[in-house]
Amino acid sequence: MNLPRLCLPLLLAPLAAQSPPNLIGVTLISPLVVEINHNTCSVLSSCAALALPPVLPPAPVFWPGGATWDAQTNGLWTTTGNLLANITPGTCTVNCGPLPCPVTAGSWCTGLDLHEGTDELWFIDSAGWITATTRSCTPTINNAWFTGLVAAGNLATTGITVDELRGLVFYSTADFGVGSGTIYVAQIATPGVWFQATPVQDCLPAPTLITGLAVDAANAVLYWTSGRGTFAWSYTYNPSGPSVAFTPGACCMQSAPFGDPLTDLAIRWGGATSTGGPCANGNCQPCPMVHTLRTAPLLGSVLQLGLDQAQPGTVTLCGIDTGPCNAAGPVIPPFCGPLMLPLTSALLVLGPGFPAGPGPCQATDTELLLLPSNPSLAGTVLSSQFVSLCSPGGTAMSNCLSWALQ
């Protein structure tokens with residue numbers, strides 16, 4: 001594994017625009033894990049989260065629950081308020097848990113997000129506390145901050161999400177008695193000290209509940225749900241205020257299953273598209289050479305480019321270029337197969353890496369790329385491919401991946 005590298009020349013030319021992200025969340029009653037295309041207001045998939053029983057009476061007057069996407073596990077961290085699990089959408093297979101949700105005594109988890117920069121899960125609970133834990137099974141508490149927003153009567157906190165590019169954290173409250181909601185904004189350095197409170201309205205327009213949040217920081221869009229529908233609000237940040245100006249956007253008035261409202265939202269980041277397959281020549285063994293992204297390509301984060309099922313004792317290089325992989329590329333000796341990268345002047349090579357593993361074709365390597373904190377690069381399409389060098393001679397190559405900065 002190599003240290004993170006900042007690659008500015010590679011990222012100067014945005015190409016295809018990024019498609020809208022898919023939203024995913026957990027519902028209150030069943031509960032269900034539901035994936036939604038906000039662009040078309042359609043439900044893509046749903047499954048029953050059997051590992052997380054619904055909150056049974058005597059339930060609080062508010063709606064506990066939280067959700068956040070984890071690109072490392074391709075799973076959804078989700079809670080129904082007292083139990084936490086990592087679940088694979090579509091099948092609801094349990095990857096981790098269920099285990100107790102880390103909250104202050106006597107409270108419920110009401111919101112959840114993943115802070116990629118610190119590799120932490122951030123929870124907000126009904127006692128008004130934000131708790132940061134390790135992203136692990138089982139999470140360990142790292143820090144906690146008090147917001148002052150304590151559940152009282154029909155009012156409670158309902159969601160949390162983090163914009164790491166601008167150093168902001170958004171959280172929300174809802175008054176379930178009158179059906180109104182408010183978005184609060186704080187700086188990540190002092191998450192408990194909010195500097196702005198903004199009431200929400202749906203597209204009728206009328207005051208409405210807000211039960212969950214998710215942020216697309218690259219495109220400066222805050223998604224929120226009323227439990228029934230999903231809404232997209234773009235925003236601009238003025239750090240000298242500080243202040244955030246919201247512009248209401250597209251509405252999906254009925255995204256959740258009828259009678260089973262959403263308690264939180266997350267964004268399921270787009271994955272990579274694979275092209276081609278492995279090859280080997282000379283002294284290299286014919287290993288699968290599987291190249292994947294271990295994390296999501298989020299601007300401002302460290303991207304982990306992974307190689308698995310490789311030959312141990314070799315030297316690896318990872319090429320990264322602008323543009324998608326070519327379906328067929330040139331075969332340049334001594335390489336065993338085609339270089340499917342676009343091969344532009346922006347080509348970057350990471351490495352050398354040294355795959356290690358317990359046996360033949362069981363070695364792994366991870367190369368790290370520090371992605372710039374520049375929202376203007378959102379939607380830039382890049383590609384990557386691994387090459388292994390074997391001693392005394394020979395090469396092996398992986399599949400090629402195309403992926404977009406998000």
# chains A, B, ... in the order shown; residues from 1 in each chain; ligands from 1
>>> residues_around(residues="Thr134 of chain A", least_positions_apart="4", cutoff="10 Å", atoms="only C-alpha atoms", output="list in words")
Leu114, His115, Thr118, Asp119, Glu120, Leu121, Trp122, Thr138, Pro139, Thr140, Ile141, Asn142 and Asn143 of chain A
>>> select_by_dssp(residues="segment 238-267 of chain A", states="strand (DSSP E)", output="PyMOL selection string")
chain A and resi 238+243-252+266-267
>>> write_last_selection(atoms="N, CA and C atoms", output="tab-separated table (two decimals), in the first residue's frame")
chain	number	residue	atom	x	y	z
A	238	ASN	N	-22.01	30.43	2.60
A	238	ASN	CA	-21.23	31.65	2.79
A	238	ASN	C	-20.48	31.54	4.11
A	243	SER	N	-23.56	31.33	6.77
A	243	SER	CA	-24.96	31.13	6.42
A	243	SER	C	-25.05	30.18	5.24
A	244	VAL	N	-26.20	29.55	5.13
A	244	VAL	CA	-26.49	28.65	4.02
A	244	VAL	C	-27.80	29.10	3.37
A	245	ALA	N	-27.78	29.29	2.06
A	245	ALA	CA	-28.98	29.67	1.32
A	245	ALA	C	-29.51	28.46	0.57
A	246	PHE	N	-30.75	28.07	0.83
A	246	PHE	CA	-31.36	26.90	0.20
A	246	PHE	C	-32.25	27.33	-0.97
A	247	THR	N	-32.27	26.50	-2.01
A	247	THR	CA	-33.17	26.68	-3.14
A	247	THR	C	-33.95	25.39	-3.34
A	248	PRO	N	-35.26	25.37	-3.03
A	248	PRO	CA	-36.05	24.15	-3.20
A	248	PRO	C	-36.02	23.67	-4.65
A	249	GLY	N	-35.91	22.35	-4.80
A	249	GLY	CA	-35.86	21.75	-6.13
A	249	GLY	C	-36.94	20.70	-6.31
A	250	ALA	N	-36.55	19.59	-6.96
A	250	ALA	CA	-37.53	18.57	-7.35
A	250	ALA	C	-38.15	17.87	-6.15
A	251	CYS	N	-39.44	17.53	-6.29
A	251	CYS	CA	-40.20	16.85	-5.24
A	251	CYS	C	-40.72	15.51	-5.76
A	252	CYS	N	-40.66	14.51	-4.92
A	252	CYS	CA	-41.38	13.26	-5.15
A	252	CYS	C	-42.34	13.12	-3.98
A	266	ALA	N	-30.38	7.93	2.90
A	266	ALA	CA	-28.95	7.86	2.60
A	266	ALA	C	-28.80	7.91	1.08
A	267	ILE	N	-27.58	8.16	0.63
A	267	ILE	CA	-27.29	8.14	-0.80
A	267	ILE	C	-26.47	6.90	-1.11
>>> closest_residue(among="A:Gly181, A:Pro372, A:Gly259, A:Gly81", to="Ile29 of chain A", atoms="only C-alpha atoms")
A:Gly259
>>> closest_residue(among="A:Gln362, A:Ser180, A:Asn22, A:Ser383", to="Pro199 of chain A", atoms="only C-alpha atoms")
A:Ser180
>>> closest_residue(among="A:Gly159, A:Gly229, A:Gly359, A:Pro54", to="Ser42 of chain A", atoms="only C-alpha atoms")
A:Gly229
>>> residues_around(residues="Gly282 of chain A", least_positions_apart="3", cutoff="8 Å", atoms="only C-alpha atoms", output="VMD selection string")
chain A and resid 390 393 to 395
>>> write_last_selection(atoms="N, CA and C atoms", output="PDB file, in the first residue's frame")
ATOM      1  N   CYS A 390       6.277  -9.813 -12.838  1.00  0.00           N
ATOM      2  CA  CYS A 390       6.757 -11.031 -12.196  1.00  0.00           C
ATOM      3  C   CYS A 390       8.239 -11.230 -12.499  1.00  0.00           C
ATOM      4  N   GLY A 393      10.623 -12.643 -15.304  1.00  0.00           N
ATOM      5  CA  GLY A 393      10.015 -11.990 -16.449  1.00  0.00           C
ATOM      6  C   GLY A 393       8.564 -12.388 -16.578  1.00  0.00           C
ATOM      7  N   GLY A 394       7.735 -11.499 -17.053  1.00  0.00           N
ATOM      8  CA  GLY A 394       6.322 -11.793 -17.238  1.00  0.00           C
ATOM      9  C   GLY A 394       5.452 -10.685 -16.672  1.00  0.00           C
ATOM     10  N   THR A 395       4.233 -10.609 -17.170  1.00  0.00           N
ATOM     11  CA  THR A 395       3.272  -9.597 -16.706  1.00  0.00           C
ATOM     12  C   THR A 395       1.910 -10.245 -16.490  1.00  0.00           C
TER      13      THR A 395
END
>>> residues_around(residues="Ala356 of chain A", least_positions_apart="3", cutoff="7 Å", atoms="only C-alpha atoms", output="list of chain:residue names")
A:Pro312, A:Gly313, A:Ala363, A:Thr364
>>> closest_atom_pairs(of="segment 123-175 of chain A", to="segment 92-103 of chain A", cutoff="12 Å", atoms="only C-alpha atoms", output="tab-separated table")
residue	atom	partner	partner_atom	distance
A:Phe123	CA	A:Pro102	CA	7.7
A:Ile124	CA	A:Val103	CA	7.8
A:Asp125	CA	A:Val103	CA	6.1
A:Ser126	CA	A:Val103	CA	8.6
A:Ala127	CA	A:Val103	CA	8.5
A:Gly128	CA	A:Val103	CA	9.9
A:Trp129	CA	A:Val103	CA	7.9
A:Ile130	CA	A:Val103	CA	8.6
A:Thr131	CA	A:Val103	CA	7.2
A:Ala132	CA	A:Pro102	CA	9.0
A:Thr133	CA	A:Pro102	CA	8.2
A:Thr134	CA	A:Pro102	CA	10.9
A:Arg135	CA	A:Cys96	CA	11.1
A:Ser136	CA	A:Cys96	CA	8.8
A:Cys137	CA	A:Cys96	CA	6.1
A:Thr138	CA	A:Leu99	CA	7.5
A:Pro139	CA	A:Pro102	CA	8.0
A:Thr140	CA	A:Pro102	CA	8.5
A:Ile141	CA	A:Pro102	CA	7.5
A:Asn142	CA	A:Pro102	CA	10.9
A:Asn143	CA	A:Pro102	CA	11.2
A:Ala144	CA	A:Val103	CA	9.7
A:Trp145	CA	A:Val103	CA	11.7
A:Phe146	CA	A:Val103	CA	11.9
>>> write_last_selection(atoms="C-alpha atoms", output="tab-separated table (two decimals), in the first residue's frame")
chain	number	residue	atom	x	y	z
A	123	PHE	CA	-25.43	9.27	15.07
A	124	ILE	CA	-27.93	11.76	16.44
A	125	ASP	CA	-30.29	10.68	19.21
A	126	SER	CA	-33.51	11.88	20.78
A	127	ALA	CA	-31.60	13.39	23.72
A	128	GLY	CA	-29.98	15.89	21.33
A	129	TRP	CA	-26.52	14.28	21.25
A	130	ILE	CA	-24.33	13.63	18.20
A	131	THR	CA	-22.10	10.58	18.72
A	132	ALA	CA	-19.14	9.66	16.48
A	133	THR	CA	-18.03	6.01	16.43
A	134	THR	CA	-15.63	3.83	14.49
A	135	ARG	CA	-16.98	2.24	11.32
A	136	SER	CA	-16.68	-1.30	12.57
A	137	CYS	CA	-18.65	-4.20	13.91
A	138	THR	CA	-18.94	-3.36	16.83
A	139	PRO	CA	-18.62	0.50	16.73
A	140	THR	CA	-16.50	2.18	19.43
A	141	ILE	CA	-17.41	5.70	20.58
A	142	ASN	CA	-14.80	8.34	19.64
A	143	ASN	CA	-16.56	11.60	20.51
A	144	ALA	CA	-19.91	13.21	21.38
A	145	TRP	CA	-21.40	16.72	21.14
A	146	PHE	CA	-24.61	18.17	22.60
>>> atom_distance(atom1="atom CA of Ser274 of chain A", atom2="atom CA of Cys47 of chain A")
26.8 Å
>>> closest_residue(among="A:Asp163, A:Tyr235, A:Gly227, A:Ile87", to="Asp260 of chain A", atoms="only C-alpha atoms")
A:Gly227
>>> residues_around(residues="Thr190 of chain A", least_positions_apart="4", cutoff="10 Å", atoms="only C-alpha atoms", output="list in words")
Trp145, Phe146, Thr147, Gly167, Leu168, Val169, Ala186 and Trp194 of chain A
>>> residues_around(residues="Trp269 of chain A", least_positions_apart="3", cutoff="8 Å", atoms="only C-alpha atoms", output="MDAnalysis selection string")
chainID A and resid 21:22 69 71 296 406
>>> write_last_selection(atoms="C-alpha atoms", output="compact mmCIF listing (two decimals), in the first residue's frame")
# COMPACT_ATOMS: atom_id res chain seq x y z
CA PRO A 21 -27.68 9.50 -7.02
CA ASN A 22 -30.11 6.89 -5.80
CA TRP A 69 -24.46 3.93 2.84
CA ALA A 71 -19.13 1.79 0.12
CA ALA A 296 -16.67 5.37 -3.08
CA GLN A 406 -19.07 12.10 -6.74
>>> atom_distance(atom1="atom CA of Leu298 of chain A", atom2="atom CA of Val315 of chain A")
27.6 Å
>>> atom_distance(atom1="atom CA of Thr208 of chain A", atom2="atom CA of Val150 of chain A")
19.8 Å
